[in-house]
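protein.cif follows (mmCIF, C-alpha atoms and all ligand atoms):
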```
data_my_file
#
loop_
_atom_site.label_atom_id
_atom_site.label_comp_id
_atom_site.auth_asym_id
_atom_site.auth_seq_id
_atom_site.Cartn_x
_atom_site.Cartn_y
_atom_site.Cartn_z
CA MET Q 1 -51.26 -106.93 -66.13
CA PRO Q 2 -50.48 -106.44 -69.86
CA PRO Q 3 -47.00 -105.11 -70.65
CA LYS Q 4 -46.55 -101.38 -71.05
CA ILE Q 5 -45.47 -99.89 -74.37
CA GLY Q 6 -44.03 -96.41 -74.90
CA ILE Q 7 -43.78 -94.60 -78.23
CA ASN Q 8 -40.82 -92.27 -78.77
CA GLY Q 9 -41.47 -89.92 -81.71
CA TYR Q 10 -45.10 -89.14 -82.45
CA GLY Q 11 -45.12 -88.30 -86.16
CA THR Q 12 -46.43 -90.15 -89.21
CA ILE Q 13 -45.49 -93.61 -87.97
CA GLY Q 14 -45.50 -92.98 -84.20
CA LYS Q 15 -49.08 -91.80 -83.98
CA ARG Q 16 -50.31 -94.75 -86.03
CA VAL Q 17 -48.37 -97.27 -83.96
CA ALA Q 18 -49.68 -95.60 -80.77
CA ASP Q 19 -53.30 -96.02 -81.92
CA ALA Q 20 -52.63 -99.61 -82.97
CA VAL Q 21 -51.07 -100.45 -79.57
CA ALA Q 22 -54.06 -98.84 -77.84
CA ALA Q 23 -56.35 -101.11 -79.90
CA GLN Q 24 -54.76 -104.34 -78.56
CA ASP Q 25 -55.98 -106.20 -75.47
CA ASP Q 26 -52.64 -107.83 -74.61
CA MET Q 27 -50.51 -104.66 -74.30
CA ARG Q 28 -51.03 -101.20 -72.89
CA LEU Q 29 -50.00 -97.81 -74.26
CA ALA Q 30 -48.13 -96.13 -71.41
CA GLY Q 31 -47.49 -92.89 -73.25
CA VAL Q 32 -45.96 -91.09 -76.19
CA ALA Q 33 -42.89 -88.84 -76.25
CA LYS Q 34 -42.67 -85.73 -78.42
CA THR Q 35 -40.16 -82.98 -79.07
CA LYS Q 36 -42.65 -80.21 -79.85
CA PRO Q 37 -45.89 -79.12 -78.19
CA ASP Q 38 -47.62 -78.81 -81.56
CA PHE Q 39 -51.12 -79.77 -82.76
CA GLU Q 40 -50.18 -83.45 -82.76
CA ALA Q 41 -49.26 -83.23 -79.07
CA LYS Q 42 -52.55 -81.46 -78.34
CA LEU Q 43 -54.53 -84.11 -80.21
CA ALA Q 44 -52.68 -86.87 -78.33
CA VAL Q 45 -53.74 -85.26 -75.05
CA ARG Q 46 -57.32 -85.07 -76.36
CA LYS Q 47 -57.19 -88.80 -77.12
CA GLY Q 48 -56.29 -89.39 -73.49
CA TYR Q 49 -52.69 -90.45 -74.16
CA ALA Q 50 -50.03 -89.59 -71.58
CA VAL Q 51 -47.71 -87.20 -73.43
CA TYR Q 52 -44.08 -86.95 -72.38
CA ALA Q 53 -41.65 -84.24 -73.51
CA ALA Q 54 -38.51 -85.55 -75.21
CA ASN Q 55 -36.25 -83.78 -72.67
CA LYS Q 56 -36.20 -81.00 -70.07
CA ASP Q 57 -35.94 -78.21 -72.66
CA ALA Q 58 -38.94 -79.62 -74.48
CA LEU Q 59 -40.80 -79.91 -71.16
CA ALA Q 60 -40.43 -76.16 -70.61
CA LYS Q 61 -41.89 -75.58 -74.09
CA PHE Q 62 -44.81 -77.90 -73.33
CA GLU Q 63 -45.52 -75.98 -70.11
CA LYS Q 64 -45.33 -72.66 -71.97
CA ALA Q 65 -47.78 -73.99 -74.57
CA GLY Q 66 -50.18 -75.02 -71.81
CA ILE Q 67 -49.81 -78.76 -72.43
CA LYS Q 68 -49.56 -80.79 -69.25
CA ALA Q 69 -46.83 -83.34 -69.91
CA ALA Q 70 -46.68 -86.55 -67.88
CA GLY Q 71 -42.90 -86.17 -67.57
CA ILE Q 72 -39.93 -86.53 -69.88
CA LEU Q 73 -38.82 -89.39 -72.13
CA ASP Q 74 -36.48 -90.78 -69.45
CA ASP Q 75 -39.50 -91.20 -67.14
CA LEU Q 76 -41.47 -92.99 -69.83
CA VAL Q 77 -38.56 -95.30 -70.66
CA ARG Q 78 -38.20 -96.27 -66.99
CA GLU Q 79 -41.87 -97.16 -66.79
CA VAL Q 80 -42.29 -99.38 -69.86
CA ASP Q 81 -41.41 -102.91 -70.99
CA LEU Q 82 -40.74 -101.88 -74.59
CA VAL Q 83 -40.24 -98.65 -76.54
CA VAL Q 84 -41.27 -98.30 -80.17
CA ASP Q 85 -38.81 -95.70 -81.47
CA CYS Q 86 -40.48 -93.74 -84.29
CA THR Q 87 -38.07 -90.82 -84.28
CA PRO Q 88 -36.20 -89.81 -87.45
CA GLU Q 89 -33.15 -91.89 -88.39
CA ASP Q 90 -30.02 -91.59 -86.27
CA SER Q 91 -31.79 -89.98 -83.31
CA GLY Q 92 -29.45 -92.04 -81.17
CA TYR Q 93 -31.57 -93.36 -78.31
CA LYS Q 94 -30.10 -96.86 -78.12
CA PRO Q 95 -27.82 -96.09 -75.12
CA LEU Q 96 -30.84 -94.73 -73.22
CA TYR Q 97 -32.82 -97.92 -73.79
CA GLU Q 98 -29.82 -100.12 -72.99
CA LYS Q 99 -29.20 -98.26 -69.74
CA ALA Q 100 -32.85 -98.65 -68.74
CA GLY Q 101 -32.80 -102.35 -69.70
CA VAL Q 102 -35.84 -101.84 -71.91
CA LYS Q 103 -36.55 -103.58 -75.21
CA ALA Q 104 -36.87 -101.42 -78.32
CA ILE Q 105 -38.11 -101.47 -81.90
CA TRP Q 106 -36.77 -99.04 -84.52
CA GLN Q 107 -38.12 -98.12 -87.93
CA GLY Q 108 -36.74 -98.41 -91.44
CA GLY Q 109 -34.79 -95.16 -91.44
CA GLU Q 110 -32.21 -96.93 -89.28
CA GLU Q 111 -29.59 -99.33 -90.58
CA HIS Q 112 -30.03 -103.07 -90.06
CA SER Q 113 -26.72 -103.02 -88.15
CA LEU Q 114 -28.36 -101.09 -85.28
CA THR Q 115 -30.17 -104.26 -84.20
CA ASN Q 116 -28.83 -107.00 -86.49
CA LEU Q 117 -32.40 -108.24 -86.55
CA SER Q 118 -34.96 -106.91 -89.03
CA PHE Q 119 -38.55 -108.06 -88.75
CA ASN Q 120 -41.34 -109.20 -90.99
CA ALA Q 121 -44.17 -111.08 -89.34
CA ALA Q 122 -44.78 -113.57 -92.16
CA ALA Q 123 -41.11 -114.19 -92.88
CA ASN Q 124 -39.23 -114.31 -89.57
CA TYR Q 125 -41.49 -113.87 -86.51
CA ALA Q 126 -39.96 -116.91 -84.80
CA ASP Q 127 -36.40 -115.50 -85.14
CA CYS Q 128 -37.44 -112.42 -83.14
CA LEU Q 129 -39.04 -114.23 -80.16
CA GLY Q 130 -37.65 -112.68 -76.98
CA ALA Q 131 -35.24 -110.38 -78.86
CA PRO Q 132 -34.20 -107.19 -77.05
CA PHE Q 133 -33.82 -104.98 -80.16
CA VAL Q 134 -35.52 -105.28 -83.53
CA ARG Q 135 -35.90 -103.06 -86.58
CA VAL Q 136 -39.01 -102.99 -88.76
CA PRO Q 137 -37.70 -102.21 -92.26
CA SER Q 138 -39.02 -99.33 -94.36
CA CYS Q 139 -42.41 -99.14 -96.05
CA ASN Q 140 -40.94 -100.06 -99.45
CA THR Q 141 -38.91 -102.95 -98.05
CA THR Q 142 -41.90 -104.25 -96.10
CA GLY Q 143 -43.96 -104.02 -99.29
CA LEU Q 144 -41.42 -106.02 -101.28
CA ILE Q 145 -41.12 -108.71 -98.60
CA ARG Q 146 -44.92 -109.03 -98.30
CA THR Q 147 -45.30 -110.33 -101.87
CA LEU Q 148 -41.86 -111.85 -102.49
CA TYR Q 149 -41.69 -114.03 -99.38
CA PRO Q 150 -44.86 -116.00 -100.33
CA LEU Q 151 -43.56 -116.44 -103.88
CA ASP Q 152 -40.19 -117.68 -102.66
CA ALA Q 153 -41.74 -120.02 -100.10
CA HIS Q 154 -44.35 -121.54 -102.45
CA VAL Q 155 -42.96 -121.30 -105.98
CA GLY Q 156 -39.28 -120.47 -105.54
CA VAL Q 157 -37.61 -117.26 -106.69
CA GLU Q 158 -34.45 -117.32 -108.81
CA LYS Q 159 -33.97 -113.58 -109.22
CA VAL Q 160 -35.87 -110.30 -108.76
CA LEU Q 161 -35.67 -106.88 -110.38
CA ALA Q 162 -37.83 -104.31 -108.59
CA VAL Q 163 -38.27 -100.78 -109.90
CA MET Q 164 -39.81 -98.52 -107.31
CA VAL Q 165 -41.61 -95.30 -108.11
CA ARG Q 166 -41.51 -93.56 -104.76
CA ARG Q 167 -43.75 -90.85 -103.37
CA ALA Q 168 -41.86 -87.61 -102.75
CA THR Q 169 -43.14 -87.09 -99.20
CA ASP Q 170 -46.09 -87.77 -96.92
CA PRO Q 171 -49.40 -85.84 -97.25
CA GLY Q 172 -48.85 -84.02 -93.94
CA ASP Q 173 -45.43 -82.67 -94.94
CA SER Q 174 -45.03 -79.39 -96.80
CA LYS Q 175 -41.23 -79.20 -96.82
CA LYS Q 176 -39.88 -81.96 -99.03
CA GLY Q 177 -40.06 -82.54 -102.77
CA PRO Q 178 -39.67 -82.85 -105.67
CA ILE Q 179 -42.86 -81.02 -106.64
CA ASN Q 180 -42.19 -80.79 -110.36
CA ALA Q 181 -39.46 -83.24 -111.29
CA ILE Q 182 -38.60 -86.92 -111.46
CA GLU Q 183 -35.57 -87.82 -109.41
CA PRO Q 184 -33.65 -91.04 -110.06
CA GLU Q 185 -31.79 -92.60 -107.15
CA LEU Q 186 -28.33 -92.93 -108.65
CA GLU Q 187 -27.10 -95.42 -106.09
CA MET Q 188 -27.36 -98.94 -107.52
CA PRO Q 189 -28.86 -101.06 -106.17
CA SER Q 190 -31.03 -98.65 -104.20
CA HIS Q 191 -30.83 -99.41 -100.48
CA HIS Q 192 -34.07 -101.42 -100.68
CA GLY Q 193 -32.49 -104.53 -102.21
CA PRO Q 194 -29.93 -105.06 -99.43
CA ASP Q 195 -32.67 -104.11 -96.98
CA VAL Q 196 -34.93 -106.92 -98.24
CA GLN Q 197 -31.94 -109.25 -97.75
CA SER Q 198 -31.76 -108.20 -94.08
CA VAL Q 199 -34.91 -110.34 -93.70
CA LEU Q 200 -34.58 -112.72 -96.68
CA PRO Q 201 -30.78 -113.17 -96.91
CA ASP Q 202 -30.88 -115.71 -99.74
CA LEU Q 203 -33.11 -113.73 -102.09
CA ASP Q 204 -31.31 -112.53 -105.24
CA ILE Q 205 -32.82 -109.05 -105.68
CA HIS Q 206 -31.78 -105.89 -107.47
CA THR Q 207 -33.67 -102.63 -106.88
CA ILE Q 208 -33.89 -99.33 -108.73
CA ALA Q 209 -35.72 -96.31 -107.31
CA VAL Q 210 -37.16 -93.11 -108.76
CA LYS Q 211 -38.91 -90.35 -106.79
CA VAL Q 212 -41.97 -88.62 -108.26
CA PRO Q 213 -44.22 -85.71 -107.19
CA THR Q 214 -47.00 -87.61 -105.41
CA THR Q 215 -47.71 -88.00 -101.70
CA ILE Q 216 -50.16 -90.86 -101.51
CA MET Q 217 -48.39 -94.14 -102.33
CA HIS Q 218 -45.34 -95.88 -103.77
CA LEU Q 219 -45.73 -98.05 -106.86
CA HIS Q 220 -43.50 -101.06 -107.51
CA THR Q 221 -42.97 -102.84 -110.82
CA LEU Q 222 -41.49 -106.30 -110.34
CA ALA Q 223 -39.89 -108.79 -112.73
CA VAL Q 224 -39.35 -112.13 -111.03
CA ASP Q 225 -37.63 -115.21 -112.43
CA LEU Q 226 -39.37 -118.18 -110.84
CA LYS Q 227 -37.74 -121.52 -110.06
CA LYS Q 228 -40.83 -123.45 -111.19
CA SER Q 229 -43.34 -122.72 -113.95
CA ALA Q 230 -46.57 -121.17 -112.76
CA ASP Q 231 -49.42 -119.29 -114.37
CA ALA Q 232 -50.99 -116.04 -113.18
CA THR Q 233 -53.86 -117.87 -111.43
CA GLN Q 234 -51.41 -119.99 -109.43
CA ILE Q 235 -49.45 -116.88 -108.44
CA LEU Q 236 -52.64 -115.12 -107.30
CA ASP Q 237 -53.62 -118.24 -105.33
CA VAL Q 238 -50.32 -118.08 -103.44
CA TRP Q 239 -50.93 -114.46 -102.43
CA LYS Q 240 -54.54 -115.20 -101.43
CA ARG Q 241 -53.19 -117.52 -98.74
CA PHE Q 242 -51.22 -114.70 -97.11
CA PRO Q 243 -52.59 -111.86 -95.01
CA ARG Q 244 -51.84 -108.19 -95.70
CA ILE Q 245 -51.94 -108.52 -99.46
CA THR Q 246 -55.05 -107.25 -101.19
CA LEU Q 247 -55.89 -107.78 -104.84
CA VAL Q 248 -57.31 -104.88 -106.81
CA SER Q 249 -58.46 -104.75 -110.39
CA GLY Q 250 -58.02 -102.26 -113.18
CA GLY Q 251 -61.18 -103.79 -114.64
CA ASP Q 252 -63.08 -102.56 -111.55
CA GLY Q 253 -61.82 -99.04 -112.16
CA VAL Q 254 -58.73 -99.19 -109.95
CA LYS Q 255 -56.50 -97.60 -112.56
CA SER Q 256 -54.01 -95.88 -110.25
CA THR Q 257 -52.93 -95.22 -106.69
CA ALA Q 258 -55.65 -92.54 -106.51
CA GLN Q 259 -58.42 -95.17 -106.68
CA ILE Q 260 -56.59 -97.39 -104.18
CA MET Q 261 -56.56 -94.56 -101.67
CA GLU Q 262 -60.23 -93.85 -102.48
CA MET Q 263 -60.92 -97.50 -101.71
CA ALA Q 264 -59.11 -97.10 -98.37
CA ARG Q 265 -61.29 -94.06 -97.60
CA ASP Q 266 -64.41 -96.03 -98.50
CA LEU Q 267 -63.35 -98.77 -96.08
CA SER Q 268 -63.56 -96.16 -93.27
CA ARG Q 269 -60.26 -97.27 -91.87
CA SER Q 270 -58.54 -95.10 -89.27
CA ARG Q 271 -56.89 -92.18 -91.16
CA SER Q 272 -57.92 -93.94 -94.43
CA ASP Q 273 -54.89 -96.16 -94.01
CA LEU Q 274 -54.30 -99.19 -96.21
CA TYR Q 275 -52.13 -101.59 -94.23
CA GLU Q 276 -52.17 -104.19 -96.99
CA ILE Q 277 -50.03 -104.20 -100.12
CA ALA Q 278 -52.32 -103.74 -103.12
CA VAL Q 279 -51.47 -105.95 -106.10
CA TRP Q 280 -53.20 -105.44 -109.44
CA ARG Q 281 -54.85 -108.77 -110.22
CA ASP Q 282 -55.02 -107.93 -113.94
CA GLY Q 283 -51.44 -106.66 -113.90
CA VAL Q 284 -50.02 -110.11 -113.12
CA HIS Q 285 -48.41 -111.64 -116.22
CA VAL Q 286 -46.30 -114.74 -116.68
CA VAL Q 287 -44.17 -115.02 -119.81
CA ASP Q 288 -42.69 -118.38 -120.90
CA GLY Q 289 -43.87 -120.00 -117.66
CA LYS Q 290 -41.14 -118.69 -115.43
CA ARG Q 291 -40.88 -114.89 -115.85
CA LEU Q 292 -43.45 -113.13 -113.68
CA TYR Q 293 -44.32 -109.43 -113.91
CA TYR Q 294 -46.58 -107.57 -111.49
CA PHE Q 295 -47.41 -104.15 -110.06
CA GLN Q 296 -48.08 -103.34 -106.46
CA ALA Q 297 -48.86 -100.20 -104.49
CA VAL Q 298 -47.66 -99.45 -100.98
CA HIS Q 299 -49.33 -97.05 -98.55
CA GLN Q 300 -46.13 -95.76 -97.02
CA GLU Q 301 -47.69 -94.28 -93.90
CA SER Q 302 -49.31 -97.47 -92.68
CA ASP Q 303 -48.03 -100.80 -94.06
CA VAL Q 304 -45.42 -101.07 -91.28
CA VAL Q 305 -47.97 -100.49 -88.49
CA PRO Q 306 -49.25 -104.08 -88.10
CA GLU Q 307 -45.63 -105.30 -88.36
CA ASN Q 308 -44.74 -103.16 -85.32
CA ILE Q 309 -47.56 -104.73 -83.31
CA ASP Q 310 -46.44 -108.26 -84.22
CA ALA Q 311 -42.83 -107.34 -83.43
CA ILE Q 312 -43.93 -106.25 -79.93
CA ARG Q 313 -45.73 -109.58 -79.44
CA ALA Q 314 -42.73 -111.59 -80.62
CA MET Q 315 -40.17 -109.68 -78.52
CA LEU Q 316 -42.29 -109.84 -75.36
CA GLU Q 317 -43.28 -113.44 -76.20
CA LEU Q 318 -46.96 -112.62 -75.82
CA GLU Q 319 -47.68 -115.06 -78.64
CA LYS Q 320 -45.27 -117.74 -79.91
CA ASP Q 321 -47.09 -118.34 -83.18
CA GLY Q 322 -46.56 -115.58 -85.75
CA ARG Q 323 -49.65 -116.50 -87.74
CA LYS Q 324 -51.84 -116.15 -84.64
CA SER Q 325 -50.28 -112.79 -83.80
CA MET Q 326 -50.93 -111.55 -87.33
CA GLU Q 327 -54.56 -112.68 -87.14
CA LYS Q 328 -55.03 -110.89 -83.81
CA THR Q 329 -53.42 -107.69 -85.07
CA ASP Q 330 -55.40 -107.78 -88.31
CA ARG Q 331 -58.71 -108.29 -86.49
CA SER Q 332 -57.98 -105.29 -84.27
CA LEU Q 333 -57.16 -103.03 -87.24
CA GLY Q 334 -59.95 -104.22 -89.52
CA ILE Q 335 -57.53 -105.80 -92.02
CA GLY Q 336 -58.92 -108.55 -94.18
CA ILE Q 337 -60.95 -106.98 -96.92
CA ALA Q 338 -62.31 -109.23 -99.65
CA LYS Q 339 -59.66 -110.45 -102.06
P1 LIG Q 401 -41.93 -87.91 -88.77
O1 LIG Q 401 -41.01 -86.79 -89.05
O2 LIG Q 401 -43.31 -87.87 -89.32
O3 LIG Q 401 -42.05 -88.12 -87.21
C1 LIG Q 401 -40.95 -88.14 -86.37
C2 LIG Q 401 -41.37 -87.69 -85.01
O4 LIG Q 401 -40.26 -87.73 -84.12
C3 LIG Q 401 -41.90 -86.25 -84.98
O5 LIG Q 401 -42.98 -86.19 -84.08
C4 LIG Q 401 -40.71 -85.46 -84.45
O6 LIG Q 401 -41.12 -84.28 -83.79
C5 LIG Q 401 -40.11 -86.45 -83.49
N1 LIG Q 401 -38.69 -86.23 -83.24
C6 LIG Q 401 -37.77 -85.64 -84.03
N2 LIG Q 401 -36.56 -85.66 -83.45
C7 LIG Q 401 -36.73 -86.29 -82.27
C8 LIG Q 401 -35.86 -86.61 -81.22
N3 LIG Q 401 -34.58 -86.33 -81.26
N4 LIG Q 401 -36.39 -87.24 -80.14
C9 LIG Q 401 -37.70 -87.58 -80.07
N5 LIG Q 401 -38.55 -87.30 -81.05
C10 LIG Q 401 -38.08 -86.66 -82.13
O7 LIG Q 401 -41.17 -89.22 -89.23
P2 LIG Q 401 -41.79 -90.59 -89.70
O8 LIG Q 401 -42.13 -90.47 -91.14
O9 LIG Q 401 -42.83 -91.03 -88.74
O10 LIG Q 401 -40.51 -91.50 -89.62
C11 LIG Q 401 -40.08 -92.13 -88.43
C12 LIG Q 401 -39.32 -93.37 -88.77
O11 LIG Q 401 -40.17 -94.24 -89.51
C13 LIG Q 401 -38.07 -93.15 -89.67
O12 LIG Q 401 -37.12 -94.13 -89.37
C14 LIG Q 401 -38.63 -93.41 -91.07
O13 LIG Q 401 -37.64 -93.76 -91.98
C15 LIG Q 401 -39.58 -94.56 -90.78
N6 LIG Q 401 -40.65 -94.76 -91.75
C16 LIG Q 401 -41.33 -93.72 -92.30
C17 LIG Q 401 -42.33 -93.96 -93.22
C18 LIG Q 401 -43.08 -92.87 -93.88
O14 LIG Q 401 -43.58 -93.05 -94.98
N7 LIG Q 401 -43.27 -91.72 -93.27
C19 LIG Q 401 -42.66 -95.28 -93.58
C20 LIG Q 401 -41.98 -96.33 -92.96
C21 LIG Q 401 -40.96 -96.07 -92.06
#
```
Please go through the file and, once you have read it, give me the structure as structure tokens.
Ligand code: NAD
Amino acid sequence: MPPKIGINGYGTIGKRVADAVAAQDDMRLAGVAKTKPDFEAKLAVRKGYAVYAANKDALAKFEKAGIKAAGILDDLVREVDLVVDCTPEDSGYKPLYEKAGVKAIWQGGEEHSLTNLSFNAAANYADCLGAPFVRVPSCNTTGLIRTLYPLDAHVGVEKVLAVMVRRATDPGDSKKGPINAIEPELEMPSHHGPDVQSVLPDLDIHTIAVKVPTTIMHLHTLAVDLKKSADATQILDVWKRFPRITLVSGGDGVKSTAQIMEMARDLSRSRSDLYEIAVWRDGVHVVDGKRLYYFQAVHQESDVVPENIDAIRAMLELEKDGRKSMEKTDRSLGIGIAK
């Protein structure tokens, strides 16, 4: 019988991870836990997912709203082999999972210190085999690791400066901003640099972040000092050997994040998600042999989803080989568009 997976927190990330778990043949979605009996809860019921209320108070609200809950979070946690916690940061469920003796994955809103193990399938799958608690870093951090790890492994990276232009909020959110301003993150480095080092501890990286009024993607500008000389073609060849990186071209009309999201819609992916990091092929420049510049775009709502699936496989030791897990996940999600 495949292991049972529960999802705690059914928002932007939780609902995507739930669908991705349901698409695998070596794990089973046991249910999802939610605080509110809102439209997302109703749609989860329509999909046939077992919906659990976060606690007894929430259960009463579910009953009042006419949603038949399968129980409360504690019931779900007792039933499963692993919980993917997709609640907002600091929701504080670790003691519950520890008490139940259940494995758990958290998302990037949490600190690395919660698990002391942060995951990226290409970079450190083997380190997470059998682990009880793992964190999948944020969308931006995952995006940085996706392209920097291959460069470091195959060319060598001396130093990185990454400037991140961050989306203000997600498309489904009407509360956060800015809506008419550009907001620099005054902390230096932004938390993303140390976060990348939670997976790649030896990478010398400095990050700067700015928030802008868009909801669809983040855009990263990177300046990388390489250890060995390489030209743009060699750099692109390195990325072509790695999954979850897709090359786009300004020459083909992909001038901005708007066209990248249009491309994702044209691919008919679930929710128009783009799990891959999109790198502009014609935005890759090498100066004096060793200074590389490039741009990449990150679909914040979905790039961490395949990482969560691989983290489940590593922690439950369903597959020892990270590359094979990634291939399996990618097949199930339709990842692997033409480079
Ligand atoms: P979200 O607000 O869209 O969803 C959170 C869900 O958890 C909601 O369904 C909410 O009702 C529920 N919830 C709130 N408090 C809860 C509680 N105490 N117990 C149980 N459920 C509770 O948030 P999100 O964007 O999906 O973020 C979840 C995590 O994923 C955070 O750590 C975040 O930093 C991380 N993350 C978010 C993004 C993104 O772009 N949205 C990308 C990568 C990682």
At most 8 Å is the cut-off: for each residue in segment 82-199 of chain Q with any atom that close to an atom of segment 237-257 of chain Q, write down the nearest atom pair and the distance in Å rounded to one decimal, counting all atoms listed in the file, chain first then increasing number, as JSON lines.
```
{"residue": "Q:Arg146", "atom": "CA", "partner": "Q:Ile245", "partner_atom": "CA", "distance": 7.1}
{"residue": "Q:Thr147", "atom": "CA", "partner": "Q:Trp239", "partner_atom": "CA", "distance": 7.0}
{"residue": "Q:Pro150", "atom": "CA", "partner": "Q:Trp239", "partner_atom": "CA", "distance": 6.6}
{"residue": "Q:Leu151", "atom": "CA", "partner": "Q:Val238", "partner_atom": "CA", "distance": 7.0}
{"residue": "Q:His154", "atom": "CA", "partner": "Q:Val238", "partner_atom": "CA", "distance": 7.0}
```
**Request:** May I ask which of the residues Q:Gly156, Q:Gly193, Q:Gly108, Q:Gly48 is the closest one to ligand LIG 401 (chain Q), counting all atoms listed in the file?
**Result:**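 Once distances to ligand LIG 401 (chain Q) are computed over all atoms listed in the file, the minimum belongs to Q:Gly108.
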**Request:** Let me have all residues with an atom within 7 Å of ligand LIG 401 (chain Q), counting only C-alpha atoms and all ligand atoms, laid out as a PyMOL selection string.
**Result:** chain Q and resi 8-14+33-36+54+86-89+91+106-110+137-139+170+300-301+304
**Item:** Of the listed residues Q:Pro201, Q:Ile7, Q:Asp19, Q:Val305, that which approaches Val136 of chain Q most closely, counting all atoms listed in the file
**Value:**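 Closest candidate: Q:Val305.
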**Request:** Please work out which residues fall within 12 Å of (-31.3, -109.9, -101.1), coordinates as given in the file, with only C-alpha atoms counting, and return them as an MDAnalysis selection string.
**Result:** chainID Q and resid 141 144:145 148:149 152 157:162 189:207
